[in-house]
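Structure data (mmCIF, C-alpha atoms) from model26.cif:
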data_input
#
loop_
_atom_site.label_atom_id
_atom_site.label_comp_id
_atom_site.auth_asym_id
_atom_site.auth_seq_id
_atom_site.Cartn_x
_atom_site.Cartn_y
_atom_site.Cartn_z
CA MET A 1 172.43 93.60 -75.79
CA ALA A 2 172.28 91.64 -72.56
CA ARG A 3 170.94 88.14 -72.76
CA PRO A 4 167.89 87.31 -70.65
CA SER A 5 168.77 85.51 -67.47
CA SER A 6 168.01 81.82 -67.17
CA SER A 7 165.35 82.53 -64.54
CA VAL A 8 163.46 84.88 -66.89
CA ALA A 9 163.63 82.34 -69.69
CA LEU A 10 162.36 79.65 -67.35
CA ASN A 11 159.43 81.84 -66.31
CA LEU A 12 158.53 82.47 -69.95
CA ILE A 13 158.56 78.76 -70.64
CA LEU A 14 156.32 78.10 -67.64
CA LEU A 15 153.85 80.80 -68.73
CA LEU A 16 153.77 79.43 -72.28
CA SER A 17 153.17 75.96 -70.93
CA LEU A 18 150.33 77.27 -68.78
CA PHE A 19 148.60 78.93 -71.74
CA LEU A 20 148.99 75.79 -73.81
CA ASP A 21 147.44 73.72 -71.02
CA LEU A 22 144.47 76.08 -70.84
CA GLY A 23 143.97 75.85 -74.57
CA LEU A 24 144.02 72.06 -74.40
CA CYS A 25 141.49 71.81 -71.59
CA LYS A 26 138.67 69.49 -72.48
CA THR A 27 135.04 70.29 -71.88
CA LEU A 28 133.43 68.22 -69.16
CA LYS A 29 131.66 65.25 -70.77
CA ARG A 30 128.54 65.94 -68.74
CA ASP A 31 128.16 69.37 -70.35
CA VAL A 32 129.04 68.11 -73.84
CA LYS A 33 126.34 65.46 -73.57
CA ALA A 34 123.73 67.88 -72.24
CA LEU A 35 124.29 70.50 -74.96
CA ASN A 36 124.29 67.89 -77.71
CA GLU A 37 120.99 66.52 -76.40
CA ILE A 38 119.58 70.02 -76.66
CA LYS A 39 121.08 70.40 -80.12
CA ALA A 40 119.41 67.19 -81.20
CA SER A 41 116.01 68.42 -80.08
CA LEU A 42 113.72 69.31 -82.93
CA GLY A 43 112.75 72.93 -83.30
CA TRP A 44 115.99 74.48 -82.04
CA ARG A 45 116.80 76.99 -84.75
CA VAL A 46 120.20 77.74 -83.25
CA VAL A 47 121.65 74.42 -84.34
CA TYR A 48 122.84 75.86 -87.63
CA ALA A 49 125.35 77.91 -85.64
CA TRP A 50 126.27 75.04 -83.33
CA VAL A 51 129.07 73.46 -85.32
CA GLY A 52 131.11 70.55 -84.02
CA ASP A 53 130.55 68.37 -80.98
CA ASP A 54 132.16 70.54 -78.30
CA PRO A 55 129.95 73.49 -77.19
CA CYS A 56 133.01 75.26 -75.76
CA GLY A 57 134.91 75.07 -79.03
CA ASP A 58 137.21 72.42 -80.37
CA GLY A 59 140.47 73.22 -82.11
CA ASP A 60 139.72 75.78 -84.80
CA LEU A 61 135.99 75.81 -84.07
CA PRO A 62 134.65 78.62 -81.87
CA PRO A 63 132.27 78.08 -78.93
CA TRP A 64 128.64 77.63 -79.85
CA SER A 65 126.59 80.79 -80.16
CA GLY A 66 124.98 81.70 -76.85
CA VAL A 67 127.21 79.34 -74.86
CA THR A 68 129.77 80.70 -72.39
CA CYS A 69 132.36 78.44 -70.80
CA SER A 70 134.99 78.84 -68.10
CA THR A 71 137.91 76.76 -66.90
CA GLN A 72 137.66 74.83 -63.66
CA GLY A 73 140.76 72.83 -62.89
CA ASP A 74 141.59 70.63 -65.87
CA TYR A 75 138.21 71.03 -67.55
CA ARG A 76 135.98 73.60 -69.17
CA VAL A 77 132.37 73.86 -68.01
CA VAL A 78 129.34 75.66 -69.40
CA THR A 79 128.43 78.61 -67.16
CA GLU A 80 125.96 80.58 -69.31
CA LEU A 81 123.33 79.60 -71.86
CA GLU A 82 121.52 82.39 -73.72
CA VAL A 83 119.25 81.23 -76.53
CA TYR A 84 116.46 83.79 -76.80
CA ALA A 85 114.13 85.17 -79.46
CA VAL A 86 114.89 82.42 -81.97
CA SER A 87 111.45 80.79 -82.02
CA ILE A 88 112.48 77.64 -80.18
CA VAL A 89 109.48 75.33 -80.21
CA GLY A 90 108.71 72.49 -77.85
CA PRO A 91 108.93 71.59 -74.17
CA PHE A 92 111.42 73.06 -71.75
CA PRO A 93 114.69 71.15 -72.41
CA THR A 94 115.23 69.00 -69.34
CA ALA A 95 118.85 68.42 -70.38
CA VAL A 96 119.55 72.00 -69.28
CA THR A 97 119.24 70.85 -65.67
CA ASN A 98 122.39 68.72 -66.15
CA LEU A 99 124.51 71.87 -66.62
CA LEU A 100 125.32 72.03 -62.93
CA ASP A 101 127.76 74.97 -63.23
CA LEU A 102 125.24 77.17 -64.99
CA THR A 103 124.95 80.67 -63.53
CA ARG A 104 122.81 82.27 -66.22
CA LEU A 105 119.93 80.77 -68.20
CA ASP A 106 118.11 82.97 -70.68
CA LEU A 107 115.45 81.36 -72.89
CA HIS A 108 113.00 84.25 -73.09
CA ASN A 109 110.88 85.16 -76.08
CA ASN A 110 110.66 81.71 -77.61
CA LYS A 111 107.77 79.26 -77.96
CA LEU A 112 108.53 76.88 -75.12
CA THR A 113 105.58 74.95 -73.74
CA GLY A 114 104.80 72.62 -70.86
CA PRO A 115 106.03 72.87 -67.27
CA ILE A 116 109.39 73.84 -65.83
CA PRO A 117 110.83 70.50 -64.67
CA PRO A 118 111.38 70.07 -60.92
CA GLN A 119 114.99 69.16 -61.72
CA ILE A 120 115.56 72.91 -62.08
CA GLY A 121 116.43 72.76 -58.38
CA ARG A 122 119.71 71.05 -59.27
CA LEU A 123 121.18 74.26 -60.68
CA LYS A 124 122.53 75.44 -57.34
CA ARG A 125 124.81 78.07 -58.89
CA LEU A 126 122.13 79.70 -61.00
CA ARG A 127 121.79 83.42 -60.49
CA ILE A 128 119.74 84.56 -63.45
CA LEU A 129 116.74 82.76 -64.88
CA LYS A 130 114.79 84.32 -67.75
CA ILE A 131 111.92 82.54 -69.43
CA ASP A 132 109.49 85.37 -69.95
CA LEU A 133 108.07 86.95 -73.04
CA ARG A 134 110.51 89.72 -73.30
CA ILE A 135 113.19 87.32 -72.49
CA GLY A 136 111.31 84.25 -71.78
CA THR A 137 107.94 83.35 -70.43
CA VAL A 138 107.24 81.25 -67.44
CA ILE A 139 105.78 82.90 -64.44
CA ALA A 140 103.55 85.85 -64.09
CA MET A 141 105.36 88.26 -61.94
CA ASP A 142 107.49 90.96 -63.41
CA SER A 143 109.43 92.11 -60.64
CA LEU A 144 112.58 93.75 -60.06
CA LEU A 145 115.33 93.74 -62.54
CA GLY A 146 118.56 94.94 -61.43
CA GLU A 147 122.07 95.58 -62.18
CA ARG A 148 124.90 97.00 -60.46
CA VAL A 149 125.17 100.59 -59.57
CA ALA A 150 125.17 102.35 -56.33
CA CYS A 151 122.80 100.04 -54.58
CA MET A 152 122.50 97.35 -57.04
CA ASP A 153 124.03 94.35 -55.66
CA LEU A 154 121.21 92.70 -57.00
CA ILE A 155 120.71 90.76 -59.82
CA LEU A 156 122.98 88.19 -60.53
CA THR A 157 126.09 89.75 -60.42
CA ASN A 158 129.28 89.27 -59.39
CA PHE A 159 128.73 88.19 -61.98
CA GLN A 160 127.55 85.32 -60.05
CA THR A 161 124.39 86.16 -61.58
CA VAL A 162 121.89 83.70 -62.43
CA VAL A 163 119.29 85.09 -64.56
CA ASN A 164 116.47 82.75 -65.05
CA ASN A 165 114.79 84.42 -67.94
CA LEU A 166 111.95 82.33 -69.29
CA ARG A 167 109.43 85.05 -69.99
CA TRP A 168 107.47 85.48 -73.18
CA ASN A 169 107.08 81.78 -73.75
CA LYS A 170 104.07 79.53 -73.38
CA LEU A 171 105.16 77.64 -70.31
CA GLN A 172 102.33 76.09 -68.35
CA ASP A 173 101.45 74.31 -65.15
CA VAL A 174 102.63 75.50 -61.75
CA ILE A 175 105.96 76.99 -60.82
CA PRO A 176 107.92 74.11 -59.25
CA PRO A 177 108.69 74.73 -55.58
CA GLU A 178 112.20 73.43 -56.29
CA ILE A 179 113.04 76.89 -57.61
CA GLY A 180 113.27 77.78 -53.92
CA GLU A 181 116.44 75.67 -53.79
CA LEU A 182 118.34 78.08 -56.06
CA LYS A 183 119.85 80.00 -53.15
CA ARG A 184 122.05 82.20 -55.35
CA LEU A 185 119.26 83.32 -57.66
CA THR A 186 119.11 87.07 -58.06
CA HIS A 187 116.90 87.45 -61.15
CA LEU A 188 113.75 85.50 -61.92
CA TYR A 189 111.75 86.40 -65.03
CA LEU A 190 108.64 84.31 -65.65
CA SER A 191 106.21 86.89 -67.00
CA PHE A 192 104.04 86.48 -70.11
CA ASN A 193 103.60 82.74 -69.81
CA ASN A 194 100.65 80.53 -68.90
CA PHE A 195 101.66 79.57 -65.37
CA LYS A 196 98.77 78.71 -63.13
CA GLY A 197 98.13 77.71 -59.55
CA GLU A 198 99.54 79.64 -56.62
CA ILE A 199 102.88 81.39 -56.39
CA PRO A 200 105.01 78.97 -54.35
CA LYS A 201 105.90 80.31 -50.93
CA GLU A 202 109.30 78.70 -51.46
CA LEU A 203 110.31 81.80 -53.44
CA ALA A 204 110.80 83.40 -50.04
CA ASN A 205 113.73 80.98 -49.58
CA LEU A 206 115.76 82.93 -52.15
CA PRO A 207 117.73 85.36 -49.95
CA GLU A 208 119.58 86.98 -52.87
CA LEU A 209 116.53 87.56 -55.08
CA ARG A 210 116.48 91.11 -56.37
CA TYR A 211 114.31 90.97 -59.47
CA LEU A 212 111.06 89.06 -59.72
CA TYR A 213 108.73 89.21 -62.72
CA LEU A 214 105.54 87.15 -62.60
CA HIS A 215 102.97 89.32 -64.33
CA GLU A 216 100.77 88.25 -67.23
CA ASN A 217 100.23 84.67 -66.10
CA ARG A 218 97.26 82.80 -64.68
CA PHE A 219 98.14 82.62 -61.02
CA VAL A 220 95.32 82.16 -58.55
CA GLY A 221 94.95 82.24 -54.79
CA ARG A 222 96.53 84.61 -52.34
CA ILE A 223 99.85 86.35 -52.71
CA PRO A 224 102.19 84.53 -50.29
CA PRO A 225 102.82 86.82 -47.31
CA GLU A 226 106.27 85.22 -47.08
CA LEU A 227 107.34 87.37 -50.06
CA GLY A 228 107.47 90.24 -47.60
CA THR A 229 110.70 88.78 -46.21
CA LEU A 230 112.63 89.32 -49.46
CA GLN A 231 114.56 92.34 -48.27
CA ASN A 232 116.86 92.46 -51.31
CA LEU A 233 114.07 92.67 -53.83
CA ARG A 234 114.67 95.75 -55.95
CA THR A 235 115.11 96.91 -59.55
CA TRP A 236 116.50 99.71 -61.69
CA ASN A 237 113.93 101.91 -63.31
CA SER A 238 114.23 103.12 -66.88
CA TYR A 239 116.11 106.18 -65.71
CA ALA A 240 118.59 104.27 -63.62
CA LEU A 241 121.63 105.22 -65.64
CA ARG A 242 120.66 108.87 -65.58
CA MET A 243 119.46 109.12 -62.01
CA LEU A 244 121.81 106.59 -60.42
CA SER A 245 119.22 105.77 -57.82
CA CYS A 246 117.87 102.37 -56.82
CA SER A 247 114.24 101.58 -57.14
CA SER A 248 112.14 98.58 -56.25
CA HIS A 249 109.25 97.35 -58.34
CA LEU A 250 106.85 94.51 -57.68
CA TYR A 251 104.62 93.52 -60.60
CA LEU A 252 101.79 91.08 -59.85
CA ASN A 253 99.27 92.49 -62.29
CA ASN A 254 97.08 90.66 -64.81
CA ASN A 255 96.71 87.40 -62.95
CA TYR A 256 93.87 85.81 -61.00
CA PHE A 257 95.02 86.53 -57.45
CA SER A 258 92.28 86.58 -54.83
CA GLY A 259 92.09 87.47 -51.16
CA GLY A 260 93.54 90.53 -49.53
CA ILE A 261 96.85 92.35 -49.86
CA PRO A 262 99.36 90.69 -47.48
CA ALA A 263 100.23 93.17 -44.74
CA GLN A 264 103.77 91.76 -44.84
CA LEU A 265 104.39 93.61 -48.11
CA ALA A 266 104.86 96.68 -45.94
CA ASN A 267 108.19 95.12 -44.91
CA LEU A 268 109.59 95.82 -48.38
CA THR A 269 111.06 99.14 -47.35
CA ASN A 270 112.79 99.71 -50.73
CA LEU A 271 109.54 99.30 -52.64
CA GLU A 272 108.69 102.16 -54.97
CA ILE A 273 106.11 100.66 -57.32
CA LEU A 274 103.46 98.10 -56.36
CA TYR A 275 101.41 96.88 -59.30
CA LEU A 276 98.33 94.78 -58.39
CA SER A 277 95.99 95.78 -61.22
CA HIS A 278 93.60 93.38 -62.97
CA ASN A 279 93.30 90.60 -60.42
CA LYS A 280 90.44 89.42 -58.22
CA MET A 281 91.78 90.73 -54.93
CA SER A 282 89.36 91.95 -52.28
CA GLY A 283 89.10 93.38 -48.78
CA VAL A 284 90.44 96.65 -47.47
CA VAL A 285 93.78 98.20 -48.33
CA PRO A 286 96.15 97.69 -45.35
CA SER A 287 97.28 100.97 -43.84
CA GLY A 288 100.80 99.60 -43.41
CA LEU A 289 101.46 100.09 -47.13
CA ALA A 290 101.22 103.83 -46.58
CA HIS A 291 104.28 103.62 -44.37
CA ILE A 292 106.58 102.23 -47.06
CA PRO A 293 108.95 105.21 -47.14
CA ARG A 294 109.80 105.26 -50.87
CA LEU A 295 106.47 104.26 -52.35
CA THR A 296 105.73 106.43 -55.39
CA SER A 297 103.15 104.43 -57.40
CA LEU A 298 100.35 102.14 -56.23
CA PHE A 299 98.15 100.35 -58.77
CA LEU A 300 95.00 98.86 -57.22
CA ASP A 301 92.65 99.25 -60.18
CA HIS A 302 90.32 96.57 -61.52
CA ASN A 303 90.06 94.38 -58.47
CA GLN A 304 87.33 93.93 -55.84
CA PHE A 305 88.71 96.10 -53.04
CA SER A 306 86.20 97.79 -50.73
CA GLY A 307 85.96 100.15 -47.78
CA ARG A 308 87.96 103.34 -47.40
CA ILE A 309 91.54 104.15 -48.24
CA PRO A 310 93.43 105.24 -45.09
CA ASP A 311 94.23 108.95 -44.90
CA ALA A 312 97.92 108.11 -44.52
CA PHE A 313 98.12 107.40 -48.25
CA TYR A 314 97.03 110.94 -49.07
CA LYS A 315 99.66 112.34 -46.69
CA HIS A 316 102.52 110.22 -48.04
CA PRO A 317 105.34 112.59 -49.10
CA PHE A 318 106.36 110.60 -52.20
CA LEU A 319 103.21 108.82 -53.38
CA LYS A 320 102.44 110.42 -56.74
CA GLU A 321 100.15 107.83 -58.33
CA MET A 322 97.36 105.70 -56.91
CA TYR A 323 94.97 104.05 -59.33
CA ILE A 324 91.72 102.80 -57.81
CA GLU A 325 89.13 102.54 -60.60
CA GLY A 326 87.20 99.34 -61.10
CA ASN A 327 86.78 98.50 -57.40
CA ALA A 328 84.04 98.78 -54.79
CA PHE A 329 85.49 101.53 -52.62
CA ARG A 330 83.13 103.75 -50.65
CA PRO A 331 81.89 106.92 -52.33
CA GLY A 332 84.32 109.79 -51.96
CA VAL A 333 87.48 107.73 -52.27
CA LYS A 334 89.78 109.54 -54.69
CA PRO A 335 92.78 108.56 -56.75
CA ILE A 336 96.17 110.23 -56.54
CA GLY A 337 98.21 111.52 -59.41
CA VAL A 338 97.39 112.26 -63.01
CA HIS A 339 93.69 112.03 -62.20
CA LYS A 340 94.07 115.17 -60.15
CA VAL A 341 95.39 117.19 -63.07
CA LEU A 342 91.82 117.67 -64.28
CA GLU A 343 90.94 119.27 -60.96
CA VAL A 344 93.44 122.12 -61.31
CA SER A 345 91.76 125.51 -61.28
CA ASP A 346 92.06 127.82 -64.27
CA THR A 347 93.54 130.46 -61.96
CA ASP A 348 96.62 128.24 -61.55
CA PHE A 349 97.63 129.13 -65.09
CA LEU A 350 97.33 132.92 -64.80
CA PHE A 351 100.93 133.56 -63.85
#
What would the structure in this file look like if it were written as structure tokens?
Amino acid sequence: MARPSSSVALNLILLLSLFLDLGLCKTLKRDVKALNEIKASLGWRVVYAWVGDDPCGDGDLPPWSGVTCSTQGDYRVVTELEVYAVSIVGPFPTAVTNLLDLTRLDLHNNKLTGPIPPQIGRLKRLRILKIDLRIGTVIAMDSLLGERVACMDLILTNFQTVVNNLRWNKLQDVIPPEIGELKRLTHLYLSFNNFKGEIPKELANLPELRYLYLHENRFVGRIPPELGTLQNLRTWNSYALRMLSCSSHLYLNNNYFSGGIPAQLANLTNLEILYLSHNKMSGVVPSGLAHIPRLTSLFLDHNQFSGRIPDAFYKHPFLKEMYIEGNAFRPGVKPIGVHKVLEVSDTDFLF
């Protein structure tokens, strides 16, 4: 059998040396300190699985549960933190904002309280943020969740995805405008919290945002018209895998929004579902919404809208549902969709 050439042997040695170097990479002290500060916080039920001092693993110890690390140069850094549905109690852990290479943060469905710290704006690489009830709870706007598929460039992926998932918590106070500094953010889940105040117009500074969930909060004031500039806002519906078609959903229901519907929402040409139910919105329904080409469902019920609904809505080729009950529309204004099923004549069932 022929012996391997010296060049092949040298290459094998170099590869082995490279793998050994990767295995010996140390975790950046900044990240080690931040995760250990979180570990030391009372109420974190995950600590029983966080063994050792190095969150990325040390020797024979594996990485901490919910912590994902990657190698950058001579060091390992924490890139993802997913600690959800473990009944974490207490304020939002400010130490998280020291994980500057974080791309995904998922703290949804815990019992976090207090405000989101303004230092959240330091996480420039964040793509997914989840703090809602289902996955975290921070802001009241369930909007657009996405993943990749035909037209899904959206949510946090590359996966340069930063999912800020804070829904289903008990976060309070206002949404810090510093979230508008997270230019790579694609997913923002803040629904089912106790956020109050107005939705910051700075959210319009997130050019990559594809999924926005803010429903079931206590927002007040007008919906920022600037949100109409978020051209990438979209989501996958529950049939996405079967239908392979992109949809776009905007959920602003169950808050305390007042004022009229921003006409700029008509700029969201991918919008399919607009959910504005159970707010305190008023005025007339802008006719421009009827020109959103893919609009299939419009929920206006339980607000204070008045006047007439433009005829263009009733001529829309794809609009299948329009809920209007609980408003002050003029007599004769009719809903669209399932309400009409009761109006079908008996003769329609003869053949």
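What separates atom CA of Pro224 of chain A from atom CA of Thr97 of chain A is a distance of 26.7 Å.
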message: Counting only C-alpha atoms, I want the residues whose atoms come within 12 Å of (125.1, 62.3, -70.1) in the file frame, returned as JSON, numbers by chain.
response: {"A": [28, 29, 30, 31, 32, 33, 34, 35, 36, 37, 38, 94, 95, 96, 97, 98, 99]}
Within 12 Å of segment 168-191 of chain A, which residues of segment 252-281 of chain A come that close, and what is the closest atom pair and distance in Å for each? Count all atoms listed in the file and give it as CSV.
residue,atom,partner,partner_atom,distance
A:Leu252,CA,A:Ser191,CA,9.4
A:Asn253,CA,A:Ser191,CA,10.1
A:Asn254,CA,A:Ser191,CA,10.1
A:Asn255,CA,A:Ser191,CA,10.3
Output C-alpha atoms of each residue in that selection to a file, as a compact mmCIF listing (two decimals), in the frame of the given file.
# COMPACT_ATOMS: atom_id res chain seq x y z
CA LEU A 252 101.79 91.08 -59.85
CA ASN A 253 99.27 92.49 -62.29
CA ASN A 254 97.08 90.66 -64.81
CA ASN A 255 96.71 87.40 -62.95
- prompt: Please, which residues are within 12 Å of (97.7, 90.0, -47.1) by the file's coordinates, counting only C-alpha atoms, and could they come as a ChimeraX atom specification?
  reply: /A:221-228,257-267,281-289
- request: With the file shown as input, list the residues that the PyMOL selection byres ((chain A and resi 71) around 10) selects, as a ChimeraX atom specification.
  value: /A:22-23,25-28,69-70,72-79
- request: Quote the spacing between atom CA of Leu212 of chain A and atom CA of His291 of chain A in Å to one decimal place.
  value: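 Result for atom CA of Leu212 of chain A versus atom CA of His291 of chain A: 22.2 Å, one decimal.
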task: Could you tell me how far atom CA of Leu203 of chain A lies from atom CA of Pro118 of chain A, in Å and to one decimal?
output: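 Distance reported for this atom pair: 14.0 Å.
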For Arg308 of chain A, the nearest of the candidates A:Leu250, A:Leu271, A:Ala328, A:Leu61, counting only C-alpha atoms: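 Residue with the minimum atom-to-atom distance to Arg308 of chain A: A:Ala328.
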query: Which residues, written as a ChimeraX atom specification, have at least one atom at most 6 Å from Arg218 of chain A, with all atoms listed in the file counted and residues fewer than 3 positions away on the same chain left out?
result: /A:194-196,255-256
Create the file for the chosen residues now, containing C-alpha atoms and written as a tab-separated table (two decimals), in the coordinates of the input.
chain	number	residue	atom	x	y	z
A	194	ASN	CA	100.65	80.53	-68.90
A	195	PHE	CA	101.66	79.57	-65.37
A	196	LYS	CA	98.77	78.71	-63.13
A	255	ASN	CA	96.71	87.40	-62.95
A	256	TYR	CA	93.87	85.81	-61.00
field: Picked residues, the PyMOL selection byres ((chain A and resi 54) around 8), expected as a PyMOL selection string
entry: chain A and resi 27+32+52-53+55-58+63
From A:Asp106, A:Glu208, A:Glu325, A:Glu272, residue lying nearest Gln304 of chain A [only C-alpha atoms]: A:Glu325
task: Have a look at A:Thr113, A:Asn303, A:Thr296, A:Thr68 and name the one nearest to Leu276 of chain A; count only C-alpha atoms.
output: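 Of the candidates, the smallest distance to Leu276 of chain A is held by A:Asn303.
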field: Residues in the PyMOL selection byres ((chain A and resi 123) around 8), expressed as a PyMOL selection string
entry: chain A and resi 97-103+120-122+124-126+182
message: Using all atoms listed in the file, can you tell me which of A:Tyr323, A:Phe305, A:Tyr213, A:Tyr84 comes closest to Asn109 of chain A?
response: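 Distance minimum relative to Asn109 of chain A lands on A:Tyr84.
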message: For Val83 of chain A, find every residue with an atom within 8 Å (counting all atoms listed in the file), except residues of its own chain fewer than 4 positions away, and show them as a PyMOL selection string.
response: chain A and resi 46+66+106-108
